[in-house]
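Novice: Just one file: target30.csv, with CSV, C-alpha atoms.
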chain,number,residue,atom,x,y,z
Y,415,MET,CA,-32.6,-74.9,69.0
Y,416,PRO,CA,-35.3,-75.5,66.3
Y,417,LEU,CA,-36.4,-79.1,66.4
Y,418,THR,CA,-39.4,-80.5,64.6
Y,419,ASN,CA,-41.9,-82.8,66.4
Y,420,ARG,CA,-40.4,-85.7,64.4
Y,421,GLY,CA,-37.0,-84.7,65.6
Y,422,ARG,CA,-38.2,-84.7,69.2
Y,423,GLU,CA,-39.9,-88.0,68.8
Y,424,ILE,CA,-36.7,-89.6,67.3
Y,425,LEU,CA,-34.7,-88.1,70.1
Y,426,SER,CA,-36.9,-89.5,72.8
Y,427,ARG,CA,-36.5,-93.0,71.5
Y,428,VAL,CA,-32.8,-92.9,71.8
Y,429,PRO,CA,-31.5,-94.0,75.2
Y,430,GLY,CA,-29.3,-91.3,76.5
Y,431,GLY,CA,-29.7,-89.2,73.4
Y,432,SER,CA,-29.0,-85.5,73.8
Y,433,LEU,CA,-28.8,-82.7,71.4
Y,434,GLN,CA,-25.4,-81.6,72.7
Y,435,ARG,CA,-23.7,-84.9,72.1
Y,436,THR,CA,-25.6,-85.7,68.9
Y,437,THR,CA,-25.1,-89.4,69.2
Y,438,GLY,CA,-28.9,-89.2,68.7
Y,439,VAL,CA,-30.3,-91.4,66.1
Y,440,GLY,CA,-26.8,-92.5,65.6
Y,441,CYS,CA,-25.3,-92.2,62.2
Y,442,GLU,CA,-22.2,-90.2,61.8
Y,443,ILE,CA,-22.8,-87.8,58.9
Y,444,VAL,CA,-19.8,-87.1,56.7
Y,445,ARG,CA,-20.2,-84.4,54.0
Y,446,HIS,CA,-18.0,-84.4,51.0
Y,447,GLU,CA,-18.2,-80.7,50.0
Y,448,GLU,CA,-16.3,-81.2,46.7
Y,449,LEU,CA,-19.0,-83.5,45.4
Y,450,CYS,CA,-21.9,-81.3,46.6
Y,451,VAL,CA,-24.0,-79.8,43.8
Y,452,GLY,CA,-25.8,-77.4,46.1
Y,453,CYS,CA,-29.3,-78.5,45.3
Y,454,GLY,CA,-30.4,-78.2,48.9
Y,455,LYS,CA,-32.4,-81.5,49.0
Y,456,CYS,CA,-30.6,-82.4,52.2
Y,457,ALA,CA,-31.8,-79.1,53.7
Y,458,THR,CA,-35.4,-79.5,52.6
Y,459,ASN,CA,-35.6,-83.0,54.0
Y,460,CYS,CA,-33.6,-82.5,57.2
Y,461,PRO,CA,-35.9,-83.1,60.1
Y,462,SER,CA,-33.9,-81.1,62.6
Y,463,GLY,CA,-32.8,-78.1,60.5
Y,464,ALA,CA,-29.1,-79.0,60.8
Y,465,SER,CA,-28.6,-78.5,57.0
Y,466,THR,CA,-29.7,-75.2,55.6
Y,467,ARG,CA,-29.4,-73.8,52.1
Y,468,SER,CA,-27.8,-70.4,52.3
Y,469,ASP,CA,-27.7,-67.5,49.9
Y,470,LEU,CA,-24.0,-67.6,49.7
Y,471,PHE,CA,-21.6,-69.5,47.5
Y,472,ASP,CA,-18.0,-70.3,48.3
Y,473,VAL,CA,-16.2,-70.0,45.0
Y,474,HIS,CA,-13.5,-72.4,46.2
Y,475,GLN,CA,-16.0,-75.2,45.9
Y,476,LEU,CA,-15.9,-74.8,42.1
Y,477,LEU,CA,-12.1,-74.9,42.0
Y,478,ASP,CA,-12.0,-78.0,44.2
Y,479,ALA,CA,-14.7,-79.9,42.3
Y,480,PRO,CA,-13.4,-83.1,40.7
Y,481,ALA,CA,-12.6,-83.0,37.0
Y,482,GLY,CA,-15.4,-84.4,34.8
Y,483,SER,CA,-18.2,-83.2,37.0
Y,484,ARG,CA,-20.3,-80.2,36.0
Y,485,ARG,CA,-18.9,-78.1,38.7
Y,486,GLY,CA,-15.4,-79.2,37.8
Y,487,ALA,CA,-15.9,-78.0,34.2
Y,488,LEU,CA,-17.2,-74.7,35.5
Y,489,GLY,CA,-14.2,-74.5,37.9
Y,490,ASP,CA,-11.9,-75.3,35.0
Y,491,ALA,CA,-13.2,-72.4,32.9
Y,492,LEU,CA,-13.0,-70.1,35.9
Y,493,ARG,CA,-9.4,-71.1,36.6
Y,494,ARG,CA,-8.3,-70.2,33.1
Y,495,VAL,CA,-9.6,-66.6,33.4
Y,496,MET,CA,-9.1,-65.8,37.0
Y,497,LYS,CA,-6.5,-63.3,38.1
Y,498,HIS,CA,-6.3,-64.1,41.8
Y,499,GLU,CA,-7.8,-66.5,44.3
Y,500,PRO,CA,-11.5,-65.9,45.0
Y,501,ASP,CA,-12.1,-63.1,47.5
Y,502,GLY,CA,-14.6,-65.1,49.5
Y,503,PRO,CA,-18.2,-66.3,49.3
Y,504,ILE,CA,-20.4,-64.5,46.9
Y,505,GLU,CA,-24.1,-63.7,47.2
Y,506,VAL,CA,-26.3,-65.9,44.9
Y,507,PRO,CA,-29.3,-64.3,43.1
Y,508,PRO,CA,-32.6,-66.1,44.0
Y,509,ARG,CA,-33.1,-67.7,40.7
Y,510,VAL,CA,-29.8,-69.4,40.6
Y,511,THR,CA,-30.9,-72.6,42.4
Y,512,VAL,CA,-28.0,-75.0,42.5
Y,513,LEU,CA,-24.8,-73.0,42.9
Y,514,ARG,CA,-25.0,-72.6,46.6
Y,515,THR,CA,-23.2,-73.6,49.7
Y,516,ILE,CA,-25.1,-75.8,52.1
Y,517,SER,CA,-24.3,-75.0,55.7
Y,518,TYR,CA,-24.4,-77.9,58.1
Y,519,ASP,CA,-24.6,-77.6,61.8
Y,520,ASP,CA,-23.2,-80.6,63.6
Y,521,GLU,CA,-24.8,-79.6,66.9
Y,522,GLN,CA,-28.3,-79.9,65.6
Y,523,CYS,CA,-27.8,-83.0,63.6
Y,524,LEU,CA,-29.7,-86.1,64.8
Y,525,GLY,CA,-27.7,-88.5,62.6
Y,526,CYS,CA,-30.9,-89.9,61.0
Y,527,GLY,CA,-29.3,-90.2,57.6
Y,528,THR,CA,-32.1,-88.7,55.7
Y,529,CYS,CA,-29.8,-86.3,53.9
Y,530,ALA,CA,-27.6,-89.2,52.8
Y,531,ARG,CA,-30.6,-91.0,51.3
Y,532,THR,CA,-31.9,-88.0,49.5
Y,533,CYS,CA,-28.6,-86.6,48.2
Y,534,PRO,CA,-28.5,-87.0,44.4
Y,535,ALA,CA,-24.8,-86.5,44.1
Y,536,GLU,CA,-23.9,-89.0,46.8
Y,537,ALA,CA,-21.9,-86.3,48.6
Y,538,ILE,CA,-23.2,-87.3,52.0
Y,539,GLU,CA,-22.2,-90.4,53.8
Y,540,ALA,CA,-24.0,-91.7,56.8
Y,541,ARG,CA,-21.7,-94.0,58.7
Y,542,PRO,CA,-23.4,-96.5,61.1
Y,543,PRO,CA,-23.4,-95.6,64.7
Y,544,LYS,CA,-20.5,-96.7,66.8
Y,545,ALA,CA,-21.0,-99.6,69.2
Y,546,THR,CA,-23.1,-97.7,71.8
Y,547,ALA,CA,-26.6,-97.6,70.3
Y,548,GLU,CA,-28.3,-100.7,68.9
Y,549,PRO,CA,-28.3,-100.6,65.0
Y,550,SER,CA,-31.5,-98.9,64.0
Y,551,ALA,CA,-33.5,-99.9,61.0
Y,552,ALA,CA,-32.5,-96.8,59.1
Y,553,ALA,CA,-28.8,-97.0,59.6
Y,554,PRO,CA,-27.9,-99.8,57.1
Y,555,ARG,CA,-30.0,-98.3,54.4
Y,556,ALA,CA,-28.6,-94.9,55.0
Y,557,GLU,CA,-25.1,-96.0,54.1
Y,558,VAL,CA,-24.0,-94.5,50.8
Y,559,GLY,CA,-20.8,-95.5,49.1
Y,560,VAL,CA,-18.8,-92.6,47.8
R,1249,MET,CA,-6.7,-55.2,12.4
R,1250,ALA,CA,-7.8,-53.6,15.6
R,1251,THR,CA,-11.3,-54.6,14.9
R,1252,GLN,CA,-10.5,-58.3,14.8
R,1253,ASP,CA,-8.5,-58.8,17.9
R,1254,ARG,CA,-11.5,-58.8,20.3
R,1255,SER,CA,-14.4,-61.0,20.2
R,1256,VAL,CA,-17.9,-61.0,21.8
R,1257,VAL,CA,-20.1,-64.0,22.0
R,1258,ALA,CA,-23.8,-63.2,22.0
R,1259,PHE,CA,-26.3,-65.8,23.2
R,1260,CYS,CA,-29.5,-64.8,21.6
R,1261,CYS,CA,-33.0,-66.2,22.2
R,1262,ARG,CA,-34.8,-67.5,19.2
R,1263,GLU,CA,-38.0,-65.6,19.8
R,1264,CYS,CA,-36.8,-62.1,20.3
R,1265,ALA,CA,-33.1,-61.3,20.0
R,1266,TYR,CA,-32.3,-63.6,17.2
R,1267,ALA,CA,-35.4,-62.4,15.3
R,1268,ALA,CA,-34.2,-58.9,15.8
R,1269,ALA,CA,-30.8,-59.9,14.5
R,1270,ASP,CA,-32.4,-61.4,11.5
R,1271,ALA,CA,-34.3,-58.2,10.8
R,1272,THR,CA,-31.1,-56.3,11.2
R,1273,ALA,CA,-29.5,-58.4,8.6
R,1274,ASN,CA,-32.5,-58.1,6.3
R,1275,ALA,CA,-32.2,-54.4,6.6
R,1276,ARG,CA,-28.5,-54.6,5.7
R,1277,THR,CA,-27.5,-52.9,8.9
R,1278,SER,CA,-23.9,-53.8,9.6
R,1279,LEU,CA,-23.0,-55.1,13.0
R,1280,PRO,CA,-19.5,-54.8,14.6
R,1281,PRO,CA,-17.4,-57.6,13.2
R,1282,THR,CA,-16.3,-58.7,16.7
R,1283,VAL,CA,-19.7,-60.2,17.6
R,1284,ARG,CA,-20.6,-63.9,17.1
R,1285,LEU,CA,-24.2,-64.8,17.5
R,1286,ILE,CA,-25.3,-68.1,19.0
R,1287,LEU,CA,-28.9,-69.2,18.7
R,1288,MET,CA,-30.5,-70.4,21.9
R,1289,PRO,CA,-34.1,-71.7,22.2
R,1290,CYS,CA,-34.6,-69.3,25.1
R,1291,THR,CA,-32.2,-67.4,27.3
R,1292,GLY,CA,-33.3,-69.6,30.1
R,1293,ARG,CA,-31.1,-72.3,28.5
R,1294,VAL,CA,-28.0,-70.2,29.1
R,1295,SER,CA,-26.1,-71.5,32.1
R,1296,PRO,CA,-23.1,-70.0,33.9
R,1297,HIS,CA,-21.1,-72.8,32.3
R,1298,HIS,CA,-21.8,-71.4,28.8
R,1299,LEU,CA,-20.7,-67.9,29.7
R,1300,LEU,CA,-17.5,-68.9,31.5
R,1301,SER,CA,-16.6,-71.5,28.8
R,1302,ALA,CA,-16.9,-68.8,26.2
R,1303,LEU,CA,-14.7,-66.5,28.2
R,1304,ALA,CA,-12.2,-69.2,28.8
R,1305,GLU,CA,-12.0,-70.3,25.2
R,1306,GLY,CA,-11.4,-67.0,23.6
R,1307,ALA,CA,-14.1,-64.5,24.0
R,1308,ASP,CA,-13.3,-61.1,25.6
R,1309,GLY,CA,-17.0,-60.5,26.5
R,1310,VAL,CA,-20.2,-62.4,26.5
R,1311,MET,CA,-23.7,-61.0,26.1
R,1312,VAL,CA,-27.0,-62.6,26.6
R,1313,ALA,CA,-29.9,-61.1,24.6
R,1314,GLY,CA,-33.4,-62.1,25.4
R,1315,CYS,CA,-37.0,-61.0,25.5
R,1316,LEU,CA,-38.3,-58.0,27.4
R,1317,GLU,CA,-39.0,-58.7,31.0
R,1318,GLY,CA,-42.3,-60.4,31.4
R,1319,GLN,CA,-42.5,-61.2,27.7
R,1320,CYS,CA,-40.5,-64.4,27.6
R,1321,HIS,CA,-42.2,-67.0,25.3
R,1322,TYR,CA,-41.4,-69.6,28.0
R,1323,ARG,CA,-42.8,-67.3,30.7
R,1324,GLU,CA,-39.7,-66.8,32.9
R,1325,GLY,CA,-36.6,-67.9,31.0
R,1326,ASN,CA,-35.2,-64.4,30.8
R,1327,PHE,CA,-35.6,-63.8,34.5
R,1328,ASN,CA,-33.5,-67.0,35.1
R,1329,ALA,CA,-31.0,-65.7,32.6
R,1330,ILE,CA,-30.8,-62.3,34.3
R,1331,ASP,CA,-30.0,-63.9,37.6
R,1332,ARG,CA,-27.4,-66.2,36.0
R,1333,VAL,CA,-25.7,-63.4,34.3
R,1334,LYS,CA,-25.7,-61.5,37.7
R,1335,PHE,CA,-24.2,-64.6,39.3
R,1336,VAL,CA,-21.4,-64.8,36.6
R,1337,GLN,CA,-20.7,-61.2,37.1
R,1338,ARG,CA,-20.2,-61.7,40.9
R,1339,LEU,CA,-18.1,-64.8,40.2
R,1340,LEU,CA,-15.9,-62.9,37.8
R,1341,GLN,CA,-15.6,-60.0,40.3
R,1342,SER,CA,-14.5,-62.3,43.1
R,1343,VAL,CA,-11.6,-63.6,41.0
R,1344,GLY,CA,-10.5,-60.2,39.8
R,1345,VAL,CA,-12.0,-60.1,36.3
R,1346,GLU,CA,-14.1,-57.1,35.2
R,1347,PRO,CA,-17.8,-58.0,35.8
R,1348,ASP,CA,-18.8,-56.0,32.7
R,1349,ARG,CA,-17.5,-58.8,30.5
R,1350,ALA,CA,-20.8,-60.5,31.0
R,1351,ARG,CA,-23.9,-58.5,30.2
R,1352,MET,CA,-27.6,-59.1,29.8
R,1353,PHE,CA,-29.8,-57.2,27.3
R,1354,THR,CA,-33.5,-57.4,26.7
R,1355,MET,CA,-35.4,-56.4,23.6
R,1356,SER,CA,-38.4,-57.5,21.6
R,1357,ALA,CA,-38.4,-59.0,18.1
R,1358,GLY,CA,-39.6,-55.8,16.6
R,1359,GLU,CA,-36.7,-53.7,17.8
R,1360,PRO,CA,-33.7,-54.3,15.5
R,1361,PRO,CA,-32.2,-50.9,16.4
R,1362,LYS,CA,-32.2,-51.9,20.0
R,1363,PHE,CA,-30.3,-55.1,19.1
R,1364,VAL,CA,-27.7,-53.1,17.2
R,1365,ALA,CA,-27.4,-50.7,20.1
R,1366,ALA,CA,-26.9,-53.6,22.5
R,1367,VAL,CA,-24.2,-55.1,20.3
R,1368,LYS,CA,-22.4,-51.8,19.9
R,1369,GLU,CA,-22.6,-51.2,23.6
R,1370,MET,CA,-21.0,-54.5,24.3
R,1371,ASP,CA,-18.4,-53.9,21.7
R,1372,ARG,CA,-17.6,-50.6,23.3
R,1373,ILE,CA,-17.3,-52.2,26.7
R,1374,VAL,CA,-15.0,-54.9,25.5
R,1375,ARG,CA,-12.8,-52.4,23.6
R,1376,SER,CA,-12.4,-50.2,26.7
R,1377,LEU,CA,-11.1,-53.2,28.6
R,1378,PRO,CA,-7.7,-54.9,28.1
R,1379,PRO,CA,-7.7,-58.3,26.4
R,1380,LEU,CA,-8.7,-61.1,28.7
R,1381,GLU,CA,-5.7,-63.0,29.8
R,1382,ARG,CA,-6.0,-66.7,30.1
R,1383,THR,CA,-3.8,-69.5,31.4
R,1384,ALA,CA,-3.4,-72.5,29.1
R,1385,ALA,CA,-6.1,-75.1,29.1
R,1386,SER,CA,-5.5,-77.9,31.5
R,1387,ALA,CA,-4.6,-81.3,30.1
R,1388,ALA,CA,-8.0,-82.7,31.2
R,1389,ALA,CA,-9.9,-80.3,29.0
R,1390,GLY,CA,-8.6,-82.0,25.8
R,1391,VAL,CA,-9.5,-78.9,23.8
R,1392,THR,CA,-7.1,-77.0,21.5
R,1393,ALA,CA,-7.5,-73.5,22.5
R,1394,ALA,CA,-5.4,-72.2,19.7
R,1395,ALA,CA,-8.2,-71.9,17.2
R,1396,GLY,CA,-7.2,-68.2,16.9
R,1397,PRO,CA,-9.1,-65.1,18.1
R,1398,GLY,CA,-12.6,-64.8,16.9
R,1399,ALA,CA,-13.3,-68.5,16.8
R,1400,PRO,CA,-14.4,-69.2,20.4
R,1401,MET,CA,-15.5,-72.7,21.0
R,1402,ILE,CA,-18.1,-73.8,23.5
R,1403,VAL,CA,-17.4,-77.1,25.0
R,1404,MET,CA,-20.0,-78.7,27.2
R,1405,GLY,CA,-18.8,-80.9,29.9
R,1406,ALA,CA,-20.0,-84.5,30.2
R,1407,ALA,CA,-23.4,-84.5,31.8
Using structure tokens, write down the structure that the file contains.
Specialist:
Amino acid sequence: MPLTNRGREILSRVPGGSLQRTTGVGCEIVRHEELCVGCGKCATNCPSGASTRSDLFDVHQLLDAPAGSRRGALGDALRRVMKHEPDGPIEVPPRVTVLRTISYDDEQCLGCGTCARTCPAEAIEARPPKATAEPSAAAPRAEVGV
Amino acid sequence: MATQDRSVVAFCCRECAYAAADATANARTSLPPTVRLILMPCTGRVSPHHLLSALAEGADGVMVAGCLEGQCHYREGNFNAIDRVKFVQRLLQSVGVEPDRARMFTMSAGEPPKFVAAVKEMDRIVRSLPPLERTAASAAAGVTAAAGPGAPMIVMGAA
């Protein structure tokens, strides 16, 4: 399991922290896929490699996007011309940078909340850790209202 | 009659394709009446949203015409456009629409015949396909889609 030095260091500070149970640094990460714009900032900033920017795009994300957003407008146009439901994820050419699906691996997540802080679309929520761990300094700042 | 019932929207870059279109007009070469030209500062400005909106609002095909590869005046705008058109083609294919309805062409400003050939090629493609069927605009769009064929409207969403 790829872990950066920083990830190991964070993990070592957490009493009883383990990769399997991912109670790690504590926050519970909730991703709202319909708000995601696919920029991949969470993936570039993720210390443990839990979020990765893939080369695939799930077309359903366009159709599910809220009206009024950019993706929603794109989905609206697509809905008017489409003949059937999307076949499945499509491969994205390298120079199309934002219309991508971010894959998120719960098992590798430390719950540090970096992704929630860097997300420009406020699509990631870092909920404070449940009663077990003491509230870390990062947890209250990491909270993002959606 | 038959010439008017299809429409193609051509997004042309100012430096090359639109200049070629200008030269075409100056030489009094006629273009297929189905095509509508839209001036873009660079094809790198064209987003999937432009192409899909044009299709949704009345165009039967969209084409993007830019500079030759490696000769973009903004260095790599046309490479971005090539990939975006490719993305739109895959998007269309995944929902059952013919991917050929979106095409990318490249030419230099000094090649009006190439521009005419590209437009004719697009016209031929669109003519060989059935008219694009659309469902009614959703209430949220707030756009009257009944502007008639040949008058596609591009509506940009709120940023």
Novice: Just need the residues of chain R within 8 Å of chain Y, counting only C-alpha atoms, so spit them out as JSON, numbers by chain.
Specialist: {"R": [1296, 1297, 1300, 1301, 1303, 1304, 1327, 1328, 1331, 1332, 1334, 1335, 1338, 1339, 1340, 1342, 1343, 1344, 1345, 1380, 1381, 1382, 1383, 1384, 1385, 1386, 1388, 1405, 1406, 1407]}
Novice: Do you have the atom CA of Met1288 of chain R-atom CA of Ala1267 of chain R distance handy?
Specialist: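 Distance reported for this atom pair: 11.5 Å.
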Novice: In Å to one decimal, how far is atom CA of Asp520 of chain Y from atom CA of Gly463 of chain Y?
Specialist: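 Straight-line distance from atom CA of Gly463 of chain Y to atom CA of Asp520 of chain Y works out to 10.4 Å.
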Novice: For segment 1316-1319 of chain R, please output as an NGL selection string all residues within 8 Å (counting all atoms listed in the file; exclusion window: fewer than 6 positions along the same chain).
Specialist: :R and (1326-1327 or 1354-1356)
Novice: One decimal, in Å: what's the spacing between atom CA of Ala1313 of chain R and atom CA of Leu470 of chain Y?
Specialist: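 Computing the Euclidean distance for atom CA of Ala1313 of chain R and atom CA of Leu470 of chain Y yields 26.6 Å.
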